[in-house]
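Novice: Provided below: target.cif, containing mmCIF, N, CA and C atoms and all ligand atoms.
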```cif
data_start
#
loop_
_atom_site.label_atom_id
_atom_site.label_comp_id
_atom_site.auth_asym_id
_atom_site.auth_seq_id
_atom_site.Cartn_x
_atom_site.Cartn_y
_atom_site.Cartn_z
N MET A 1 11.11 1.13 -24.00
CA MET A 1 9.86 0.34 -23.96
C MET A 1 10.18 -1.15 -24.06
N SER A 2 9.56 -1.95 -23.18
CA SER A 2 9.79 -3.39 -23.18
C SER A 2 9.18 -4.04 -24.40
N SER A 3 9.76 -5.16 -24.83
CA SER A 3 9.17 -5.87 -25.96
C SER A 3 8.17 -6.93 -25.50
N LEU A 4 8.06 -7.15 -24.18
CA LEU A 4 7.11 -8.18 -23.71
C LEU A 4 5.69 -7.65 -23.70
N LYS A 5 4.82 -8.42 -24.36
CA LYS A 5 3.39 -8.03 -24.39
C LYS A 5 2.58 -9.21 -23.86
N VAL A 6 1.76 -8.93 -22.87
CA VAL A 6 0.96 -9.98 -22.23
C VAL A 6 -0.52 -9.73 -22.49
N LEU A 7 -1.20 -10.79 -22.92
CA LEU A 7 -2.65 -10.73 -23.11
C LEU A 7 -3.31 -11.28 -21.85
N VAL A 8 -4.22 -10.50 -21.27
CA VAL A 8 -4.98 -10.94 -20.08
C VAL A 8 -6.40 -11.23 -20.53
N LEU A 9 -6.83 -12.48 -20.37
CA LEU A 9 -8.18 -12.86 -20.78
C LEU A 9 -9.02 -13.21 -19.56
N HIS A 10 -10.24 -12.70 -19.54
CA HIS A 10 -11.20 -13.01 -18.48
C HIS A 10 -12.40 -13.68 -19.13
N GLY A 11 -12.79 -14.83 -18.59
CA GLY A 11 -13.90 -15.59 -19.17
C GLY A 11 -15.26 -15.15 -18.69
N PRO A 12 -16.27 -16.01 -18.90
CA PRO A 12 -17.67 -15.63 -18.69
C PRO A 12 -18.01 -15.27 -17.24
N ASN A 13 -18.87 -14.28 -17.13
CA ASN A 13 -19.43 -13.79 -15.86
C ASN A 13 -18.45 -12.98 -15.02
N LEU A 14 -17.22 -12.86 -15.46
CA LEU A 14 -16.25 -12.08 -14.69
C LEU A 14 -16.49 -10.58 -14.85
N ASN A 15 -17.28 -10.21 -15.86
CA ASN A 15 -17.71 -8.80 -15.97
C ASN A 15 -18.59 -8.41 -14.79
N LEU A 16 -19.14 -9.40 -14.08
CA LEU A 16 -20.03 -9.10 -12.94
C LEU A 16 -19.30 -9.13 -11.59
N LEU A 17 -17.98 -9.24 -11.62
CA LEU A 17 -17.25 -9.25 -10.34
C LEU A 17 -17.58 -8.00 -9.55
N GLY A 18 -17.71 -8.19 -8.24
CA GLY A 18 -18.14 -7.08 -7.38
C GLY A 18 -19.59 -7.27 -6.98
N LEU A 19 -20.41 -7.69 -7.98
CA LEU A 19 -21.83 -7.96 -7.73
C LEU A 19 -22.07 -9.45 -7.54
N ARG A 20 -21.25 -10.23 -8.23
CA ARG A 20 -21.49 -11.66 -8.35
C ARG A 20 -20.94 -12.43 -7.14
N GLU A 21 -21.84 -13.14 -6.43
CA GLU A 21 -21.45 -13.99 -5.29
C GLU A 21 -20.23 -13.42 -4.54
N PRO A 22 -20.39 -12.23 -3.93
CA PRO A 22 -19.23 -11.60 -3.30
C PRO A 22 -18.62 -12.41 -2.18
N GLU A 23 -19.43 -13.31 -1.57
CA GLU A 23 -18.88 -14.16 -0.49
C GLU A 23 -17.83 -15.14 -1.05
N ILE A 24 -17.91 -15.42 -2.35
CA ILE A 24 -16.91 -16.30 -2.99
C ILE A 24 -15.85 -15.48 -3.71
N TYR A 25 -16.30 -14.46 -4.47
CA TYR A 25 -15.37 -13.78 -5.37
C TYR A 25 -14.90 -12.41 -4.87
N GLY A 26 -15.44 -11.96 -3.71
CA GLY A 26 -15.00 -10.69 -3.15
C GLY A 26 -15.70 -9.50 -3.79
N SER A 27 -15.30 -8.30 -3.38
CA SER A 27 -15.97 -7.09 -3.84
C SER A 27 -15.17 -6.34 -4.90
N THR A 28 -14.00 -6.86 -5.23
CA THR A 28 -13.17 -6.21 -6.25
C THR A 28 -13.82 -6.37 -7.62
N THR A 29 -13.91 -5.29 -8.37
CA THR A 29 -14.51 -5.37 -9.71
C THR A 29 -13.45 -5.74 -10.75
N LEU A 30 -13.93 -6.08 -11.94
CA LEU A 30 -12.99 -6.41 -13.02
C LEU A 30 -12.13 -5.18 -13.38
N GLN A 31 -12.77 -4.01 -13.33
CA GLN A 31 -12.01 -2.78 -13.62
C GLN A 31 -10.89 -2.60 -12.59
N ASP A 32 -11.21 -2.89 -11.31
CA ASP A 32 -10.18 -2.80 -10.26
C ASP A 32 -9.02 -3.76 -10.55
N ILE A 33 -9.37 -4.99 -10.94
CA ILE A 33 -8.33 -5.99 -11.22
C ILE A 33 -7.46 -5.54 -12.39
N ASN A 34 -8.12 -5.05 -13.45
CA ASN A 34 -7.33 -4.60 -14.61
C ASN A 34 -6.43 -3.42 -14.23
N ALA A 35 -6.92 -2.53 -13.36
CA ALA A 35 -6.10 -1.38 -12.95
C ALA A 35 -4.90 -1.86 -12.13
N LEU A 36 -5.12 -2.83 -11.24
CA LEU A 36 -4.00 -3.39 -10.46
C LEU A 36 -2.95 -4.01 -11.39
N LEU A 37 -3.44 -4.75 -12.39
CA LEU A 37 -2.52 -5.42 -13.32
C LEU A 37 -1.77 -4.41 -14.17
N GLU A 38 -2.46 -3.34 -14.58
CA GLU A 38 -1.79 -2.30 -15.39
C GLU A 38 -0.67 -1.66 -14.58
N ALA A 39 -0.94 -1.41 -13.29
CA ALA A 39 0.09 -0.80 -12.42
C ALA A 39 1.27 -1.75 -12.27
N ASP A 40 0.98 -3.03 -12.05
CA ASP A 40 2.06 -4.02 -11.93
C ASP A 40 2.84 -4.13 -13.24
N ALA A 41 2.13 -4.09 -14.36
CA ALA A 41 2.79 -4.21 -15.66
C ALA A 41 3.76 -3.05 -15.87
N ALA A 42 3.35 -1.85 -15.43
CA ALA A 42 4.24 -0.69 -15.58
C ALA A 42 5.51 -0.91 -14.77
N THR A 43 5.35 -1.42 -13.55
CA THR A 43 6.51 -1.70 -12.70
C THR A 43 7.41 -2.77 -13.32
N LEU A 44 6.77 -3.78 -13.91
CA LEU A 44 7.53 -4.89 -14.52
C LEU A 44 8.04 -4.54 -15.92
N ASP A 45 7.61 -3.38 -16.41
CA ASP A 45 8.01 -2.93 -17.75
C ASP A 45 7.53 -3.89 -18.85
N VAL A 46 6.25 -4.28 -18.76
CA VAL A 46 5.63 -5.04 -19.84
C VAL A 46 4.35 -4.32 -20.27
N SER A 47 3.91 -4.56 -21.48
CA SER A 47 2.64 -3.96 -21.88
C SER A 47 1.55 -5.03 -21.80
N LEU A 48 0.34 -4.57 -21.47
CA LEU A 48 -0.79 -5.47 -21.23
C LEU A 48 -1.94 -5.10 -22.12
N HIS A 49 -2.69 -6.13 -22.51
CA HIS A 49 -3.99 -5.89 -23.13
C HIS A 49 -4.99 -6.78 -22.38
N CYS A 50 -6.00 -6.16 -21.76
CA CYS A 50 -6.99 -6.91 -20.97
C CYS A 50 -8.29 -7.01 -21.74
N PHE A 51 -8.90 -8.20 -21.71
CA PHE A 51 -10.10 -8.43 -22.51
C PHE A 51 -11.00 -9.44 -21.79
N GLN A 52 -12.30 -9.15 -21.75
CA GLN A 52 -13.27 -10.09 -21.15
C GLN A 52 -14.32 -10.45 -22.18
N SER A 53 -14.72 -11.74 -22.18
CA SER A 53 -15.86 -12.13 -23.01
C SER A 53 -16.65 -13.23 -22.33
N ASN A 54 -17.96 -13.21 -22.60
CA ASN A 54 -18.84 -14.28 -22.13
C ASN A 54 -18.98 -15.39 -23.17
N HIS A 55 -18.24 -15.26 -24.29
CA HIS A 55 -18.45 -16.16 -25.44
C HIS A 55 -17.19 -16.97 -25.75
N GLU A 56 -17.35 -18.27 -25.77
CA GLU A 56 -16.21 -19.17 -25.98
C GLU A 56 -15.50 -18.90 -27.31
N GLY A 57 -16.28 -18.76 -28.40
CA GLY A 57 -15.68 -18.56 -29.72
C GLY A 57 -14.90 -17.26 -29.80
N ILE A 58 -15.37 -16.24 -29.11
CA ILE A 58 -14.65 -14.95 -29.13
C ILE A 58 -13.31 -15.10 -28.41
N LEU A 59 -13.31 -15.88 -27.33
CA LEU A 59 -12.04 -16.13 -26.62
C LEU A 59 -11.10 -16.96 -27.49
N VAL A 60 -11.64 -17.94 -28.22
CA VAL A 60 -10.82 -18.73 -29.15
C VAL A 60 -10.21 -17.80 -30.20
N ASP A 61 -11.01 -16.89 -30.75
CA ASP A 61 -10.50 -15.94 -31.76
C ASP A 61 -9.36 -15.10 -31.18
N LYS A 62 -9.53 -14.64 -29.95
CA LYS A 62 -8.49 -13.80 -29.30
C LYS A 62 -7.20 -14.59 -29.12
N ILE A 63 -7.32 -15.85 -28.70
CA ILE A 63 -6.13 -16.69 -28.49
C ILE A 63 -5.42 -16.91 -29.83
N GLN A 64 -6.19 -17.22 -30.87
CA GLN A 64 -5.57 -17.42 -32.19
C GLN A 64 -4.84 -16.17 -32.66
N ALA A 65 -5.49 -15.01 -32.47
CA ALA A 65 -4.90 -13.75 -32.94
C ALA A 65 -3.67 -13.36 -32.13
N ALA A 66 -3.56 -13.91 -30.91
CA ALA A 66 -2.44 -13.54 -30.02
C ALA A 66 -1.12 -14.08 -30.53
N ARG A 67 -1.16 -15.10 -31.37
CA ARG A 67 0.06 -15.79 -31.81
C ARG A 67 1.11 -14.82 -32.36
N GLU A 68 0.65 -13.86 -33.13
CA GLU A 68 1.58 -12.93 -33.79
C GLU A 68 1.98 -11.77 -32.87
N ASN A 69 1.10 -11.44 -31.91
CA ASN A 69 1.24 -10.15 -31.23
C ASN A 69 1.61 -10.19 -29.76
N PHE A 70 1.56 -11.35 -29.13
CA PHE A 70 1.80 -11.40 -27.69
C PHE A 70 2.86 -12.43 -27.34
N SER A 71 3.52 -12.20 -26.19
CA SER A 71 4.56 -13.10 -25.72
C SER A 71 3.98 -14.19 -24.83
N GLY A 72 2.85 -13.93 -24.18
CA GLY A 72 2.25 -14.91 -23.28
C GLY A 72 0.84 -14.48 -22.90
N ILE A 73 0.11 -15.41 -22.28
CA ILE A 73 -1.29 -15.15 -21.94
C ILE A 73 -1.54 -15.51 -20.48
N LEU A 74 -2.20 -14.58 -19.78
CA LEU A 74 -2.70 -14.82 -18.42
C LEU A 74 -4.20 -14.95 -18.55
N ILE A 75 -4.77 -16.06 -18.07
CA ILE A 75 -6.21 -16.24 -18.26
C ILE A 75 -6.90 -16.74 -17.00
N ASN A 76 -8.06 -16.15 -16.73
CA ASN A 76 -9.03 -16.77 -15.84
C ASN A 76 -10.14 -17.28 -16.76
N PRO A 77 -10.13 -18.57 -17.08
CA PRO A 77 -11.12 -19.08 -18.03
C PRO A 77 -12.52 -19.21 -17.43
N ALA A 78 -12.64 -18.94 -16.12
CA ALA A 78 -13.93 -19.02 -15.40
C ALA A 78 -14.58 -20.38 -15.68
N ALA A 79 -15.88 -20.41 -15.99
CA ALA A 79 -16.57 -21.70 -16.14
C ALA A 79 -16.01 -22.53 -17.29
N TYR A 80 -15.40 -21.88 -18.30
CA TYR A 80 -14.83 -22.64 -19.43
C TYR A 80 -13.63 -23.49 -19.01
N THR A 81 -13.05 -23.17 -17.85
CA THR A 81 -11.99 -24.02 -17.28
C THR A 81 -12.41 -25.48 -17.29
N HIS A 82 -13.67 -25.69 -16.89
CA HIS A 82 -14.15 -27.04 -16.58
C HIS A 82 -14.86 -27.70 -17.76
N THR A 83 -14.99 -26.96 -18.87
CA THR A 83 -15.79 -27.49 -19.99
C THR A 83 -15.11 -27.40 -21.35
N SER A 84 -14.12 -26.53 -21.51
CA SER A 84 -13.77 -26.12 -22.88
C SER A 84 -12.54 -26.82 -23.47
N VAL A 85 -12.81 -27.82 -24.30
CA VAL A 85 -11.74 -28.41 -25.11
C VAL A 85 -11.29 -27.38 -26.15
N ALA A 86 -12.24 -26.54 -26.61
CA ALA A 86 -11.92 -25.54 -27.65
C ALA A 86 -10.86 -24.55 -27.17
N LEU A 87 -10.96 -24.07 -25.94
CA LEU A 87 -9.95 -23.13 -25.43
C LEU A 87 -8.60 -23.85 -25.29
N ARG A 88 -8.64 -25.04 -24.76
CA ARG A 88 -7.38 -25.80 -24.60
C ARG A 88 -6.71 -26.02 -25.96
N ASP A 89 -7.49 -26.42 -26.96
CA ASP A 89 -6.93 -26.66 -28.29
C ASP A 89 -6.37 -25.37 -28.89
N ALA A 90 -7.03 -24.24 -28.63
CA ALA A 90 -6.53 -22.95 -29.13
C ALA A 90 -5.18 -22.64 -28.51
N PHE A 91 -5.05 -22.86 -27.20
CA PHE A 91 -3.75 -22.62 -26.55
C PHE A 91 -2.69 -23.55 -27.11
N ALA A 92 -3.05 -24.81 -27.30
CA ALA A 92 -2.08 -25.77 -27.84
C ALA A 92 -1.68 -25.36 -29.26
N ALA A 93 -2.63 -24.84 -30.03
CA ALA A 93 -2.36 -24.46 -31.42
C ALA A 93 -1.38 -23.29 -31.51
N VAL A 94 -1.52 -22.31 -30.63
CA VAL A 94 -0.65 -21.12 -30.74
C VAL A 94 0.66 -21.32 -30.00
N SER A 95 0.71 -22.32 -29.16
CA SER A 95 1.86 -22.62 -28.28
C SER A 95 2.52 -21.38 -27.68
N LEU A 96 1.70 -20.53 -27.07
CA LEU A 96 2.20 -19.41 -26.27
C LEU A 96 2.17 -19.84 -24.80
N PRO A 97 3.13 -19.37 -23.99
CA PRO A 97 3.08 -19.68 -22.57
C PRO A 97 1.80 -19.12 -21.93
N VAL A 98 1.14 -19.97 -21.14
CA VAL A 98 -0.14 -19.60 -20.52
C VAL A 98 -0.05 -19.82 -19.01
N VAL A 99 -0.55 -18.85 -18.25
CA VAL A 99 -0.75 -19.05 -16.81
C VAL A 99 -2.24 -18.95 -16.53
N GLU A 100 -2.76 -19.93 -15.79
CA GLU A 100 -4.19 -20.00 -15.45
C GLU A 100 -4.39 -19.49 -14.03
N VAL A 101 -5.34 -18.60 -13.86
CA VAL A 101 -5.61 -18.09 -12.51
C VAL A 101 -7.09 -18.18 -12.19
N HIS A 102 -7.37 -18.28 -10.90
CA HIS A 102 -8.75 -18.24 -10.39
C HIS A 102 -8.76 -17.46 -9.09
N LEU A 103 -9.83 -16.71 -8.90
CA LEU A 103 -10.00 -15.98 -7.64
C LEU A 103 -10.19 -16.95 -6.48
N SER A 104 -11.09 -17.91 -6.67
CA SER A 104 -11.40 -18.87 -5.60
C SER A 104 -10.48 -20.08 -5.72
N ASN A 105 -10.41 -20.86 -4.64
CA ASN A 105 -9.65 -22.11 -4.68
C ASN A 105 -10.58 -23.19 -5.25
N ILE A 106 -10.46 -23.44 -6.54
CA ILE A 106 -11.39 -24.35 -7.22
C ILE A 106 -11.31 -25.78 -6.65
N HIS A 107 -10.19 -26.12 -6.04
CA HIS A 107 -10.01 -27.48 -5.50
C HIS A 107 -10.72 -27.68 -4.17
N GLN A 108 -11.16 -26.55 -3.57
CA GLN A 108 -11.90 -26.61 -2.30
C GLN A 108 -13.40 -26.60 -2.55
N ARG A 109 -13.81 -26.44 -3.79
CA ARG A 109 -15.22 -26.20 -4.09
C ARG A 109 -15.88 -27.47 -4.65
N GLU A 110 -17.00 -27.32 -5.36
CA GLU A 110 -17.73 -28.48 -5.86
C GLU A 110 -16.81 -29.35 -6.74
N ALA A 111 -17.08 -30.65 -6.78
CA ALA A 111 -16.22 -31.59 -7.51
C ALA A 111 -16.07 -31.20 -8.98
N PHE A 112 -17.14 -30.66 -9.61
CA PHE A 112 -17.04 -30.34 -11.04
C PHE A 112 -16.05 -29.22 -11.31
N ARG A 113 -15.65 -28.47 -10.27
CA ARG A 113 -14.65 -27.40 -10.47
C ARG A 113 -13.22 -27.90 -10.28
N HIS A 114 -13.06 -29.13 -9.86
CA HIS A 114 -11.70 -29.61 -9.56
C HIS A 114 -10.90 -29.89 -10.82
N HIS A 115 -11.60 -30.20 -11.91
CA HIS A 115 -10.89 -30.51 -13.15
C HIS A 115 -10.76 -29.27 -14.04
N SER A 116 -9.55 -29.07 -14.55
CA SER A 116 -9.32 -27.98 -15.51
C SER A 116 -8.80 -28.57 -16.81
N TYR A 117 -9.46 -28.21 -17.92
CA TYR A 117 -8.96 -28.60 -19.23
C TYR A 117 -7.71 -27.81 -19.61
N ILE A 118 -7.52 -26.66 -18.95
CA ILE A 118 -6.42 -25.77 -19.33
C ILE A 118 -5.13 -26.14 -18.59
N ALA A 119 -5.24 -26.57 -17.34
CA ALA A 119 -4.06 -26.78 -16.50
C ALA A 119 -2.97 -27.65 -17.16
N PRO A 120 -3.33 -28.75 -17.85
CA PRO A 120 -2.26 -29.58 -18.41
C PRO A 120 -1.43 -28.90 -19.50
N ILE A 121 -1.96 -27.84 -20.13
CA ILE A 121 -1.16 -27.17 -21.15
C ILE A 121 -0.66 -25.80 -20.66
N ALA A 122 -0.94 -25.47 -19.38
CA ALA A 122 -0.47 -24.21 -18.80
C ALA A 122 0.89 -24.42 -18.15
N ILE A 123 1.64 -23.31 -18.01
CA ILE A 123 2.89 -23.38 -17.22
C ILE A 123 2.53 -23.73 -15.79
N GLY A 124 1.49 -23.07 -15.28
CA GLY A 124 1.04 -23.32 -13.92
C GLY A 124 -0.31 -22.69 -13.67
N GLN A 125 -0.85 -23.02 -12.50
CA GLN A 125 -2.18 -22.53 -12.10
C GLN A 125 -2.05 -21.89 -10.72
N ILE A 126 -2.66 -20.72 -10.56
CA ILE A 126 -2.67 -20.05 -9.25
C ILE A 126 -4.14 -19.80 -8.89
N CYS A 127 -4.57 -20.27 -7.73
CA CYS A 127 -5.96 -20.08 -7.36
C CYS A 127 -6.09 -19.88 -5.87
N GLY A 128 -7.17 -19.19 -5.48
CA GLY A 128 -7.51 -19.08 -4.07
C GLY A 128 -7.09 -17.79 -3.40
N PHE A 129 -6.48 -16.88 -4.12
CA PHE A 129 -5.97 -15.65 -3.51
C PHE A 129 -6.76 -14.41 -3.91
N GLY A 130 -7.96 -14.61 -4.41
CA GLY A 130 -8.75 -13.45 -4.85
C GLY A 130 -8.04 -12.73 -5.98
N ALA A 131 -8.14 -11.40 -5.98
CA ALA A 131 -7.49 -10.62 -7.05
C ALA A 131 -5.99 -10.83 -7.06
N GLU A 132 -5.41 -11.18 -5.90
CA GLU A 132 -3.96 -11.44 -5.84
C GLU A 132 -3.55 -12.58 -6.75
N SER A 133 -4.46 -13.53 -7.03
CA SER A 133 -4.11 -14.63 -7.93
C SER A 133 -3.65 -14.07 -9.28
N TYR A 134 -4.36 -13.04 -9.76
CA TYR A 134 -3.97 -12.44 -11.05
C TYR A 134 -2.59 -11.79 -10.95
N ARG A 135 -2.35 -11.08 -9.84
CA ARG A 135 -1.08 -10.35 -9.71
C ARG A 135 0.09 -11.35 -9.62
N LEU A 136 -0.12 -12.42 -8.84
CA LEU A 136 0.91 -13.46 -8.74
C LEU A 136 1.12 -14.13 -10.09
N GLY A 137 0.01 -14.35 -10.80
CA GLY A 137 0.09 -14.99 -12.11
C GLY A 137 0.85 -14.14 -13.11
N LEU A 138 0.64 -12.84 -13.08
CA LEU A 138 1.36 -11.95 -14.00
C LEU A 138 2.86 -11.98 -13.69
N ARG A 139 3.20 -11.91 -12.40
CA ARG A 139 4.62 -11.96 -12.01
C ARG A 139 5.25 -13.27 -12.47
N ALA A 140 4.52 -14.37 -12.27
CA ALA A 140 5.06 -15.69 -12.63
C ALA A 140 5.26 -15.79 -14.14
N LEU A 141 4.30 -15.28 -14.90
CA LEU A 141 4.40 -15.36 -16.36
C LEU A 141 5.57 -14.52 -16.87
N VAL A 142 5.71 -13.31 -16.34
CA VAL A 142 6.79 -12.43 -16.79
C VAL A 142 8.15 -13.04 -16.43
N GLN A 143 8.23 -13.58 -15.22
CA GLN A 143 9.50 -14.22 -14.82
C GLN A 143 9.82 -15.39 -15.75
N TYR A 144 8.80 -16.18 -16.06
CA TYR A 144 9.00 -17.32 -16.98
C TYR A 144 9.48 -16.82 -18.34
N LEU A 145 8.86 -15.75 -18.85
CA LEU A 145 9.21 -15.25 -20.17
C LEU A 145 10.62 -14.68 -20.21
N ARG A 146 11.09 -14.21 -19.05
CA ARG A 146 12.41 -13.57 -19.01
C ARG A 146 13.53 -14.55 -18.70
N THR A 147 13.20 -15.78 -18.35
CA THR A 147 14.30 -16.71 -17.99
C THR A 147 14.35 -17.88 -18.96
C1 LIG B 201 -13.47 -18.96 -11.22
C2 LIG B 201 -13.82 -20.37 -10.73
C3 LIG B 201 -14.74 -21.08 -11.73
O1 LIG B 201 -15.09 -22.37 -11.23
C4 LIG B 201 -16.02 -20.28 -11.92
O2 LIG B 201 -16.83 -20.90 -12.92
C5 LIG B 201 -15.78 -18.85 -12.22
C6 LIG B 201 -14.70 -18.14 -11.54
C7 LIG B 201 -12.63 -18.18 -10.20
O3 LIG B 201 -12.00 -17.20 -10.57
O4 LIG B 201 -12.63 -18.54 -9.00
O5 LIG B 201 -16.53 -18.24 -12.98
O6 LIG B 201 -12.67 -19.09 -12.41
#
```
Kindly present the structure from the file in structure tokens form.
Specialist:
Amino acid sequence: MSSLKVLVLHGPNLNLLGLREPEIYGSTTLQDINALLEADAATLDVSLHCFQSNHEGILVDKIQAARENFSGILINPAAYTHTSVALRDAFAAVSLPVVEVHLSNIHQREAFRHHSYIAPIAIGQICGFGAESYRLGLRALVQYLRT
């Protein structure tokens, strides 16, 4: 059994993937994404814990609690990307490696989506590849953790 444990966090409204603006976010559901990531994690020999919340404070609590139990965090912060100093400060406080992902290419969309509070403290950001962004992000995080 691998010792690498990755926390996957999904921010607000991502529980509605599949129903929500499918022309932007596609028809893949959150359950589908988690299943794809679980399969990839098995291949990569890492363990995953996937969690979604619509609440900023609950995500902050999860990040704080991750300090003892996880090697790194993969997150789609959703709308909190563009608003949340609290999430950024939580990541900075635990100093765990973070990869930020988005389904859509946030840099091609409205100006308010171009700025991320998380990107400056993340290893990197992957966006625009739909559900593949998560899979690429997991691979990138695991590779980072192993080198
Ligand atoms: C998103 C992009 C954000 O701007 C938006 O608020 C989301 C989803 C994405 O995955 O493309 O909720 O993070």
Novice: Output as a PyMOL selection string all residues of range 8-108 of chain A that backbone DSSP marks as strand (DSSP E or B).
Specialist: chain A and resi 8-10+47-52+72-76+98-102
Novice: Dump as CSV the rows for residues of range 42-65 of chain A within 6 Å of range 8-32 of chain A: closest atom pair and distance in Å with one decimal, all atoms listed in the file counted, ordered by chain and rising residue number.
Specialist:
```
residue,atom,partner,partner_atom,distance
A:Leu48,C,A:Val8,N,5.9
A:His49,C,A:Val8,N,4.0
A:Cys50,CA,A:Val8,C,4.4
A:Phe51,C,A:His10,N,4.0
A:Gln52,CA,A:His10,C,4.2
A:Ser53,N,A:His10,C,4.3
A:Asn54,CA,A:Pro12,CA,3.9
A:His55,N,A:Pro12,CA,5.6
```
Novice: Keeping only N, CA and C atoms, write the selected residues as an mmCIF file, in the frame of the given file.
Specialist:
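The new file part.cif reads:
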```cif
data_model
loop_
_atom_site.group_PDB
_atom_site.id
_atom_site.type_symbol
_atom_site.label_atom_id
_atom_site.label_comp_id
_atom_site.auth_asym_id
_atom_site.auth_seq_id
_atom_site.Cartn_x
_atom_site.Cartn_y
_atom_site.Cartn_z
ATOM 1 N N LEU A 48 0.340 -4.570 -21.470
ATOM 2 C CA LEU A 48 -0.790 -5.470 -21.230
ATOM 3 C C LEU A 48 -1.940 -5.100 -22.120
ATOM 4 N N HIS A 49 -2.690 -6.130 -22.510
ATOM 5 C CA HIS A 49 -3.990 -5.890 -23.130
ATOM 6 C C HIS A 49 -4.990 -6.780 -22.380
ATOM 7 N N CYS A 50 -6.000 -6.160 -21.760
ATOM 8 C CA CYS A 50 -6.990 -6.910 -20.970
ATOM 9 C C CYS A 50 -8.290 -7.010 -21.740
ATOM 10 N N PHE A 51 -8.900 -8.200 -21.710
ATOM 11 C CA PHE A 51 -10.100 -8.430 -22.510
ATOM 12 C C PHE A 51 -11.000 -9.440 -21.790
ATOM 13 N N GLN A 52 -12.300 -9.150 -21.750
ATOM 14 C CA GLN A 52 -13.270 -10.090 -21.150
ATOM 15 C C GLN A 52 -14.320 -10.450 -22.180
ATOM 16 N N SER A 53 -14.720 -11.740 -22.180
ATOM 17 C CA SER A 53 -15.860 -12.130 -23.010
ATOM 18 C C SER A 53 -16.650 -13.230 -22.330
ATOM 19 N N ASN A 54 -17.960 -13.210 -22.600
ATOM 20 C CA ASN A 54 -18.840 -14.280 -22.130
ATOM 21 C C ASN A 54 -18.980 -15.390 -23.170
ATOM 22 N N HIS A 55 -18.240 -15.260 -24.290
ATOM 23 C CA HIS A 55 -18.450 -16.160 -25.440
ATOM 24 C C HIS A 55 -17.190 -16.970 -25.750
#
```
Novice: Would you list the residues that come within 8 Å of ligand LIG 201 (chain B)? Count only C-alpha atoms and all ligand atoms and give the answer as a PyMOL selection string.
Specialist: chain A and resi 11-14+24-25+76-82+101-106+113+127-128+130
Novice: Between A:Val142, A:Leu7, A:Ala42, A:Leu136, which has the minimum distance to Asn69 in chain A (counting only N, CA and C atoms)?
Specialist: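 Among the listed residues, the smallest separation from Asn69 in chain A belongs to A:Leu7.
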Novice: Can you pull out every residue within 6.5 Å of Val98 in chain A, counting only N, CA and C atoms, but drop anything in the same chain fewer than 4 positions away, and send it as a PyMOL selection string?
Specialist: chain A and resi 72-75+121-124
Novice: To one decimal place in Å, what is the distance between atom N of Arg146 in chain A and atom N of Tyr117 in chain A?
Specialist: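 Computed distance, atom N of Arg146 in chain A to atom N of Tyr117 in chain A, equals 24.9 Å.
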Novice: Just to confirm, what's the straight-line distance from atom C of Ile118 in chain A to CA of Ala93 in chain A in Å (one decimal)?
Specialist: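 Answer for the atom C of Ile118 in chain A to CA of Ala93 in chain A separation: 13.2 Å.
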Novice: Could you tell me how far CA of Val6 in chain A sits from atom C of Ser116 in chain A, in Å to one decimal place?
Specialist: 21.7 Å
